[in-house]
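Visitor: To be precise about what I am sending: the file is called final34.cif and holds mmCIF, C-alpha atoms and all ligand atoms.
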```
data_input
loop_
_atom_site.group_PDB
_atom_site.id
_atom_site.type_symbol
_atom_site.label_atom_id
_atom_site.label_comp_id
_atom_site.auth_asym_id
_atom_site.auth_seq_id
_atom_site.Cartn_x
_atom_site.Cartn_y
_atom_site.Cartn_z
ATOM 1 C CA MET A 2 0.303 -3.175 14.108
ATOM 2 C CA ALA A 3 -1.898 -1.455 11.622
ATOM 3 C CA ILE A 4 -2.616 -0.982 7.967
ATOM 4 C CA ARG A 5 -1.731 2.622 7.257
ATOM 5 C CA GLU A 6 -2.943 4.995 4.603
ATOM 6 C CA VAL A 7 -0.512 5.195 1.678
ATOM 7 C CA LEU A 8 0.283 8.702 0.457
ATOM 8 C CA ARG A 9 -0.275 9.212 -3.241
ATOM 9 C CA MET A 10 1.746 11.179 -5.750
ATOM 10 C CA GLY A 11 1.226 14.863 -5.067
ATOM 11 C CA ALA A 12 1.553 14.556 -1.296
ATOM 12 C CA PRO A 13 4.468 16.881 -0.412
ATOM 13 C CA LEU A 14 6.105 14.399 1.974
ATOM 14 C CA LEU A 15 6.844 12.067 -0.966
ATOM 15 C CA TRP A 16 9.182 14.715 -2.498
ATOM 16 C CA ARG A 17 11.260 15.040 0.670
ATOM 17 C CA VAL A 18 14.711 13.548 1.268
ATOM 18 C CA ALA A 19 14.156 11.227 4.231
ATOM 19 C CA GLU A 20 16.233 11.269 7.435
ATOM 20 C CA PRO A 21 18.580 8.416 8.402
ATOM 21 C CA VAL A 22 17.671 6.182 11.337
ATOM 22 C CA SER A 23 20.041 6.816 14.254
ATOM 23 C CA ASP A 24 18.513 4.760 17.078
ATOM 24 C CA PHE A 25 17.920 1.083 16.329
ATOM 25 C CA HIS A 26 16.559 0.484 19.845
ATOM 26 C CA ASP A 27 13.732 2.978 19.436
ATOM 27 C CA PRO A 28 10.482 0.985 19.850
ATOM 28 C CA GLU A 29 8.936 3.262 17.246
ATOM 29 C CA LEU A 30 11.221 1.686 14.652
ATOM 30 C CA GLN A 31 9.776 -1.797 15.256
ATOM 31 C CA ALA A 32 6.237 -0.359 15.220
ATOM 32 C CA LEU A 33 7.005 1.379 11.923
ATOM 33 C CA LEU A 34 8.299 -1.864 10.385
ATOM 34 C CA ASP A 35 5.238 -3.798 11.576
ATOM 35 C CA ASP A 36 2.953 -1.202 9.998
ATOM 36 C CA MET A 37 4.957 -1.233 6.769
ATOM 37 C CA PHE A 38 4.672 -5.025 6.420
ATOM 38 C CA ASP A 39 0.959 -4.968 7.311
ATOM 39 C CA THR A 40 0.287 -2.231 4.774
ATOM 40 C CA MET A 41 2.372 -3.863 2.036
ATOM 41 C CA ALA A 42 0.613 -7.202 2.528
ATOM 42 C CA ALA A 43 -2.886 -5.690 2.645
ATOM 43 C CA LEU A 44 -2.323 -3.785 -0.605
ATOM 44 C CA ASN A 45 -0.450 -6.567 -2.411
ATOM 45 C CA GLY A 46 2.719 -4.514 -2.734
ATOM 46 C CA ALA A 47 6.171 -5.789 -3.679
ATOM 47 C CA GLY A 48 7.819 -3.140 -1.557
ATOM 48 C CA LEU A 49 7.160 -0.081 0.547
ATOM 49 C CA ALA A 50 9.203 2.874 1.733
ATOM 50 C CA ALA A 51 8.515 4.621 5.054
ATOM 51 C CA PRO A 52 7.707 7.992 3.417
ATOM 52 C CA GLN A 53 4.799 6.295 1.647
ATOM 53 C CA ILE A 54 3.062 5.941 5.007
ATOM 54 C CA GLY A 55 4.023 9.441 6.053
ATOM 55 C CA VAL A 56 7.259 8.726 7.949
ATOM 56 C CA SER A 57 10.236 10.523 6.453
ATOM 57 C CA LYS A 58 12.888 7.963 7.512
ATOM 58 C CA ARG A 59 15.359 5.994 5.407
ATOM 59 C CA VAL A 60 13.599 2.644 5.817
ATOM 60 C CA VAL A 61 12.337 0.320 3.073
ATOM 61 C CA VAL A 62 10.877 -3.184 3.058
ATOM 62 C CA PHE A 63 10.345 -5.488 0.106
ATOM 63 C CA GLY A 64 9.901 -9.114 -0.843
ATOM 64 C CA ILE A 65 8.148 -11.255 -3.426
ATOM 65 C CA ASP A 66 7.193 -14.896 -3.076
ATOM 66 C CA LYS A 67 7.155 -17.130 -6.098
ATOM 67 C CA ASN A 68 3.730 -16.614 -7.679
ATOM 68 C CA PRO A 69 2.412 -19.011 -10.336
ATOM 69 C CA ARG A 70 0.356 -16.151 -11.789
ATOM 70 C CA TYR A 71 3.524 -14.218 -12.540
ATOM 71 C CA PRO A 72 6.034 -16.872 -13.600
ATOM 72 C CA ASP A 73 8.427 -14.235 -14.964
ATOM 73 C CA MET A 74 8.637 -12.470 -11.640
ATOM 74 C CA GLU A 75 11.741 -13.713 -9.848
ATOM 75 C CA PRO A 76 11.219 -14.191 -6.112
ATOM 76 C CA VAL A 77 12.941 -11.616 -3.909
ATOM 77 C CA PRO A 78 13.730 -12.406 -0.266
ATOM 78 C CA THR A 79 11.742 -10.535 2.366
ATOM 79 C CA THR A 80 14.093 -7.748 3.390
ATOM 80 C CA ILE A 81 14.255 -4.840 5.807
ATOM 81 C CA LEU A 82 16.755 -2.268 4.582
ATOM 82 C CA ILE A 83 17.594 0.785 6.695
ATOM 83 C CA ASN A 84 19.904 3.659 5.723
ATOM 84 C CA PRO A 85 20.666 1.970 2.399
ATOM 85 C CA VAL A 86 23.637 2.655 0.153
ATOM 86 C CA LEU A 87 23.373 1.593 -3.495
ATOM 87 C CA GLU A 88 26.308 1.051 -5.790
ATOM 88 C CA PRO A 89 25.625 0.127 -9.429
ATOM 89 C CA LEU A 90 27.954 -2.557 -10.785
ATOM 90 C CA GLY A 91 28.691 -1.654 -14.389
ATOM 91 C CA ASP A 92 26.868 0.702 -16.694
ATOM 92 C CA ILE A 93 24.214 -1.613 -18.097
ATOM 93 C CA MET A 94 20.650 -0.347 -17.775
ATOM 94 C CA GLU A 95 17.508 -2.242 -18.673
ATOM 95 C CA ASP A 96 13.925 -1.039 -19.205
ATOM 96 C CA GLY A 97 11.194 -2.729 -17.203
ATOM 97 C CA TRP A 98 7.617 -2.081 -16.111
ATOM 98 C CA GLU A 99 7.001 -0.769 -12.613
ATOM 99 C CA GLY A 100 4.061 0.142 -10.462
ATOM 100 C CA CYS A 101 3.830 1.850 -7.097
ATOM 101 C CA LEU A 102 1.301 1.957 -4.258
ATOM 102 C CA SER A 103 1.613 5.755 -4.362
ATOM 103 C CA VAL A 104 0.643 5.790 -8.047
ATOM 104 C CA PRO A 105 -2.210 3.270 -7.972
ATOM 105 C CA GLY A 106 -3.506 1.650 -11.130
ATOM 106 C CA LEU A 107 -0.681 2.900 -13.335
ATOM 107 C CA ARG A 108 2.407 1.300 -14.857
ATOM 108 C CA GLY A 109 5.487 2.796 -16.431
ATOM 109 C CA ARG A 110 8.586 1.553 -18.194
ATOM 110 C CA VAL A 111 11.694 2.665 -16.338
ATOM 111 C CA PRO A 112 15.407 2.136 -17.003
ATOM 112 C CA ARG A 113 17.329 0.679 -14.040
ATOM 113 C CA HIS A 114 20.820 -0.673 -13.453
ATOM 114 C CA THR A 115 20.846 -4.414 -14.050
ATOM 115 C CA HIS A 116 23.538 -5.153 -11.445
ATOM 116 C CA LEU A 117 23.842 -3.580 -8.071
ATOM 117 C CA ARG A 118 25.561 -3.875 -4.728
ATOM 118 C CA TYR A 119 23.527 -2.597 -1.826
ATOM 119 C CA SER A 120 24.238 -2.330 1.836
ATOM 120 C CA GLY A 121 22.473 -1.084 4.901
ATOM 121 C CA PHE A 122 21.178 -2.189 8.281
ATOM 122 C CA ASP A 123 18.535 -4.615 9.428
ATOM 123 C CA GLN A 124 16.024 -3.936 12.227
ATOM 124 C CA HIS A 125 18.634 -4.797 14.886
ATOM 125 C CA GLY A 126 21.218 -2.416 13.479
ATOM 126 C CA ALA A 127 23.302 -5.209 11.947
ATOM 127 C CA HIS A 128 25.065 -4.180 8.752
ATOM 128 C CA PHE A 129 24.710 -6.351 5.647
ATOM 129 C CA GLN A 130 25.537 -6.237 1.975
ATOM 130 C CA ARG A 131 24.249 -8.020 -1.133
ATOM 131 C CA GLU A 132 25.023 -8.188 -4.816
ATOM 132 C CA VAL A 133 21.892 -8.585 -6.891
ATOM 133 C CA HIS A 134 20.676 -8.330 -10.459
ATOM 134 C CA GLY A 135 17.486 -8.230 -12.476
ATOM 135 C CA PHE A 136 14.182 -7.809 -10.687
ATOM 136 C CA HIS A 137 15.693 -7.753 -7.203
ATOM 137 C CA ALA A 138 17.985 -4.886 -8.292
ATOM 138 C CA ARG A 139 15.008 -3.070 -9.833
ATOM 139 C CA VAL A 140 12.909 -3.323 -6.665
ATOM 140 C CA VAL A 141 15.734 -1.982 -4.497
ATOM 141 C CA GLN A 142 16.321 0.978 -6.824
ATOM 142 C CA HIS A 143 12.600 1.789 -6.915
ATOM 143 C CA GLU A 144 12.180 1.634 -3.126
ATOM 144 C CA CYS A 145 15.352 3.576 -2.335
ATOM 145 C CA ASP A 146 14.349 6.296 -4.816
ATOM 146 C CA HIS A 147 11.420 6.995 -2.469
ATOM 147 C CA LEU A 148 13.947 7.980 0.228
ATOM 148 C CA ASP A 149 15.277 10.719 -2.044
ATOM 149 C CA GLY A 150 11.862 12.027 -3.046
ATOM 150 C CA ILE A 151 11.839 10.311 -6.446
ATOM 151 C CA LEU A 152 8.791 8.481 -7.818
ATOM 152 C CA TYR A 153 9.204 6.175 -10.815
ATOM 153 C CA PRO A 154 7.225 8.376 -13.264
ATOM 154 C CA MET A 155 10.077 10.900 -12.953
ATOM 155 C CA ARG A 156 12.415 8.327 -14.544
ATOM 156 C CA ILE A 157 10.248 7.345 -17.525
ATOM 157 C CA LYS A 158 11.994 8.271 -20.788
ATOM 158 C CA ASP A 159 9.008 8.096 -23.149
ATOM 159 C CA MET A 160 5.694 9.117 -21.590
ATOM 160 C CA ARG A 161 3.865 6.782 -23.967
ATOM 161 C CA ASP A 162 5.375 4.080 -21.763
ATOM 162 C CA PHE A 163 3.169 5.295 -18.910
ATOM 163 C CA GLY A 164 -0.469 4.385 -18.507
ATOM 164 C CA PHE A 165 -3.151 2.499 -16.715
ATOM 165 C CA GLN A 166 -2.560 -1.163 -15.977
ATOM 166 C CA LYS A 167 -5.849 -2.178 -17.572
ATOM 167 C CA GLU A 168 -5.250 -0.309 -20.822
ATOM 168 C CA LEU A 169 -1.645 -1.494 -21.094
ATOM 169 C CA PHE A 170 -2.053 -5.123 -20.074
ATOM 170 C CA GLY A 171 -5.783 -5.816 -20.063
ATOM 171 C CA GLU A 172 -6.017 -6.692 -16.398
ATOM 172 C CA GLU A 173 -6.630 -4.737 -13.230
ATOM 173 C CA SER A 174 -4.678 -6.758 -10.744
ATOM 174 C CA GLY A 175 -0.989 -7.213 -10.213
ATOM 175 C CA LYS A 176 1.723 -6.343 -7.795
ATOM 176 C CA GLU A 177 2.122 -2.655 -7.106
HETATM 177 NI NI NI A 201 6.863 2.843 -4.996
#
```
Now that the file is in, can you turn its structure into C-alpha cells?
Ligand code: NI
Guide:
Amino acid sequence: MAIREVLRMGAPLLWRVAEPVSDFHDPELQALLDDMFDTMAALNGAGLAAPQIGVSKRVVVFGIDKNPRYPDMEPVPTTILINPVLEPLGDIMEDGWEGCLSVPGLRGRVPRHTHLRYSGFDQHGAHFQREVHGFHARVVQHECDHLDGILYPMRIKDMRDFGFQKELFGEESGKE
C-alpha cells in the first residue's frame, strides 16, 4: 500500500483510452486498488481513476462521507467500479462545480446528466448495477471520463466558469 504521485493535466497518459481489466485474480489489481484508496484519502479526493496514478486500466474508486462542513454534498457510498458502463436516464443535464486531483486548486462548472444507470464489476469480478442521480451521478461521470482520456475542463461550456478555488469561493480547501 502506498500513496502514489497523481499525474496532472498535461501528462500524456491522462489523454489515453484505458484498457479493460481482464483478470480479476491478478494480485496487481488488489495492489492497485489499495494504492488508489490510500492516495485518494491522503489527498482528500472524492474519487480517483487508475490513469491518474499512471495505470491505464478501466478502474475507478469514489466515495464521500457525510461532512458537516459541506452540508450540501450528498454522501456517496464507497465504491470500486471496474470496466464501467454508463447509461444516462433521460436527457436532463445540470451544471455543477467540479474539481480534480489532476487539476489541483481549480474548479469548473460542468454539465452532467442528472440521472444515470451504471454497471460494472467489483474487485472480485462480481457484476453490479445502480441507478443514481445528483451528486453521485456527477462523480461517476467525472471519474469514468478519466478512462476515456477526458478531463472536466474539456466539458466546461463557458471558460469564465473555470478558475482557482480561492478566487471563486474564497477558501483553499475542499474536496478535489
Ligand atoms: Ni478527476
Visitor: So the first atom is CA of Met10 in chain A and the second is CA of Ser57 in chain A; what is the distance between them in Å, to one decimal place?
Guide: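 Interatomic distance here is 14.9 Å.
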Visitor: Name the residues, by chain letter and number, that sit within 7 Å of ligand NI 201 (chain A) using only C-alpha atoms and all ligand atoms, and give them as a count of residues only.
Guide: 10
Visitor: Range 37-47 of chain A: which residues within 8 Å, counting all atoms listed in the file, same-chain residues fewer than 3 positions away excluded, as an NGL selection string?
Guide: :A and (2-6 or 33-34 or 50-51 or 54 or 62-65 or 101-102 or 140 or 175-177)
Visitor: Using all atoms listed in the file, find the one residue out of A:Pro85, A:Pro154, A:Pro76, A:Gly171 that sits nearest to Gly135 in chain A.
Guide: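 Among the listed residues, A:Pro76 lies closest to Gly135 in chain A.
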Visitor: Run the PyMOL selection byres (((chain A and resi 128) around 12) and not hetatm) on the file and write out the hits as a count of residues only.
Guide: 19
Visitor: On this structure, which residues satisfy the PyMOL selection byres (((chain A and resi 95-98) around 7) and not hetatm), written as a PyMOL selection string?
Guide: chain A and resi 93-94+99+108-115
Visitor: Separation of CA of Asp36 in chain A and CA of Arg17 in chain A, in Å?
Guide: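 CA of Asp36 in chain A sits 20.5 Å away from CA of Arg17 in chain A.
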Visitor: Just to confirm, what's the straight-line distance from CA of Ala12 in chain A to CA of His26 in chain A in Å (one decimal)?
Guide: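 If I compute the distance from CA of Ala12 in chain A to CA of His26 in chain A, I get 29.5 Å.
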Visitor: For Tyr153 in chain A, which residue out of A:His116, A:Gln166, A:Val104, A:Lys58 is the nearest one, using only C-alpha atoms?
Guide: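 Between A:His116, A:Gln166, A:Val104, A:Lys58, the residue approaching Tyr153 in chain A most closely is A:Val104.
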